[in-house]
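Peer 1: Submitted below is the structure of interest, expressed as structure tokens.
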Amino acid sequence: MTTSISPIFTVKDAAAYARCGTNHLYRALRTGELAATQGGRPAPMRKGTWRIHRDDLEAWIRGQSPDQAPVKLKRVTGEPRRLKRSA
């Protein structure tokens with residue numbers, strides 16, 4: 001039998017998953033650096049326990065802000081571009 005990790009974390013579970021302290025997560029939640037809901041409601045009507053989705057937590061660990069789209073890196077091939085000199 002295999003156990004699967006729930007996609008929704010409490011702050012205590014998220015801190016264990018991210019290997020950081022709960023105070024660090026609370027600071028990220030208060031500043032909006034980490035996206036989450038509190039008491040099952042969006043930001044304006046917050047009351048209760050924080051709930052953090054695993055995808056949001058992993059994006060925060062990677063250093064992405066909640067509203068930032070994943071960065072698509074360009075593939076570098078061939079020689080570097082040469083700058084044209086103006087005469």
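Ligands are numbered from 1 in the order shown, residues from 1 within each chain, and chains are lettered A, B, ... in the order they appear in the structure tokens.
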Write out as a VMD selection string which residues come within 10 Å of A:Gly21 when counting only C-alpha atoms, dropping same-chain ones fewer than 5 positions away.

Peer 2: chain A and resid 11 to 12 14 to 16 26

Peer 1: Export, as a short mmCIF file (atom, residue, chain, number, x, y, z; two decimals), in the first residue's frame, the selected residues with N, CA, C and O atoms.

Peer 2:
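Output file result.cif is given in full below:
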```cif
data_model
loop_
_atom_site.label_atom_id
_atom_site.label_comp_id
_atom_site.auth_asym_id
_atom_site.auth_seq_id
_atom_site.Cartn_x
_atom_site.Cartn_y
_atom_site.Cartn_z
N VAL A 11 0.49 25.07 7.70
CA VAL A 11 1.79 25.73 7.82
C VAL A 11 2.83 24.76 8.40
O VAL A 11 3.96 24.70 7.93
N LYS A 12 2.42 23.99 9.38
CA LYS A 12 3.35 23.03 10.00
C LYS A 12 3.82 21.98 9.00
O LYS A 12 5.01 21.68 8.90
N ALA A 14 3.73 22.29 5.67
CA ALA A 14 4.48 22.97 4.62
C ALA A 14 5.91 23.27 5.07
O ALA A 14 6.85 23.16 4.29
N ALA A 15 6.08 23.63 6.34
CA ALA A 15 7.42 23.90 6.87
C ALA A 15 8.26 22.63 6.86
O ALA A 15 9.45 22.67 6.52
N ALA A 16 7.66 21.51 7.19
CA ALA A 16 8.39 20.24 7.16
C ALA A 16 8.74 19.87 5.72
O ALA A 16 9.85 19.41 5.43
N TYR A 26 5.18 31.93 7.82
CA TYR A 26 4.19 32.95 8.20
C TYR A 26 4.58 34.32 7.64
O TYR A 26 3.72 35.08 7.17
#
```

Peer 1: Skipping near chain neighbours, those fewer than 6 positions away, what residues fall within 10 Å of A:Ile8 using only C-alpha atoms, listed as JSON, numbers by chain?

Peer 2: {"A": [14, 36, 50, 51, 52, 53, 54, 55, 56, 57]}

Peer 1: Rounded to one decimal place, report the atom CA of A:Gly63-atom CA of A:Cys20 distance in Å.

Peer 2: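 Separating atom CA of A:Gly63 from atom CA of A:Cys20 is a distance of 14.1 Å.
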
Peer 1: So what do you get for atom CA of A:Ala59 versus atom CA of A:Ala35, distance-wise?

Peer 2: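 These atoms are spaced 9.5 Å apart.
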
Peer 1: I need the residue nearest A:Ala18 from this list: A:Glu58, A:Lys84, A:Gly32, A:Gln64. Use only C-alpha atoms for the distance.

Peer 2: A:Glu58

Peer 1: Which value, in Å to one decimal, gives the distance between atom CA of A:Thr49 and atom CA of A:Asp13?

Peer 2: 12.2 Å
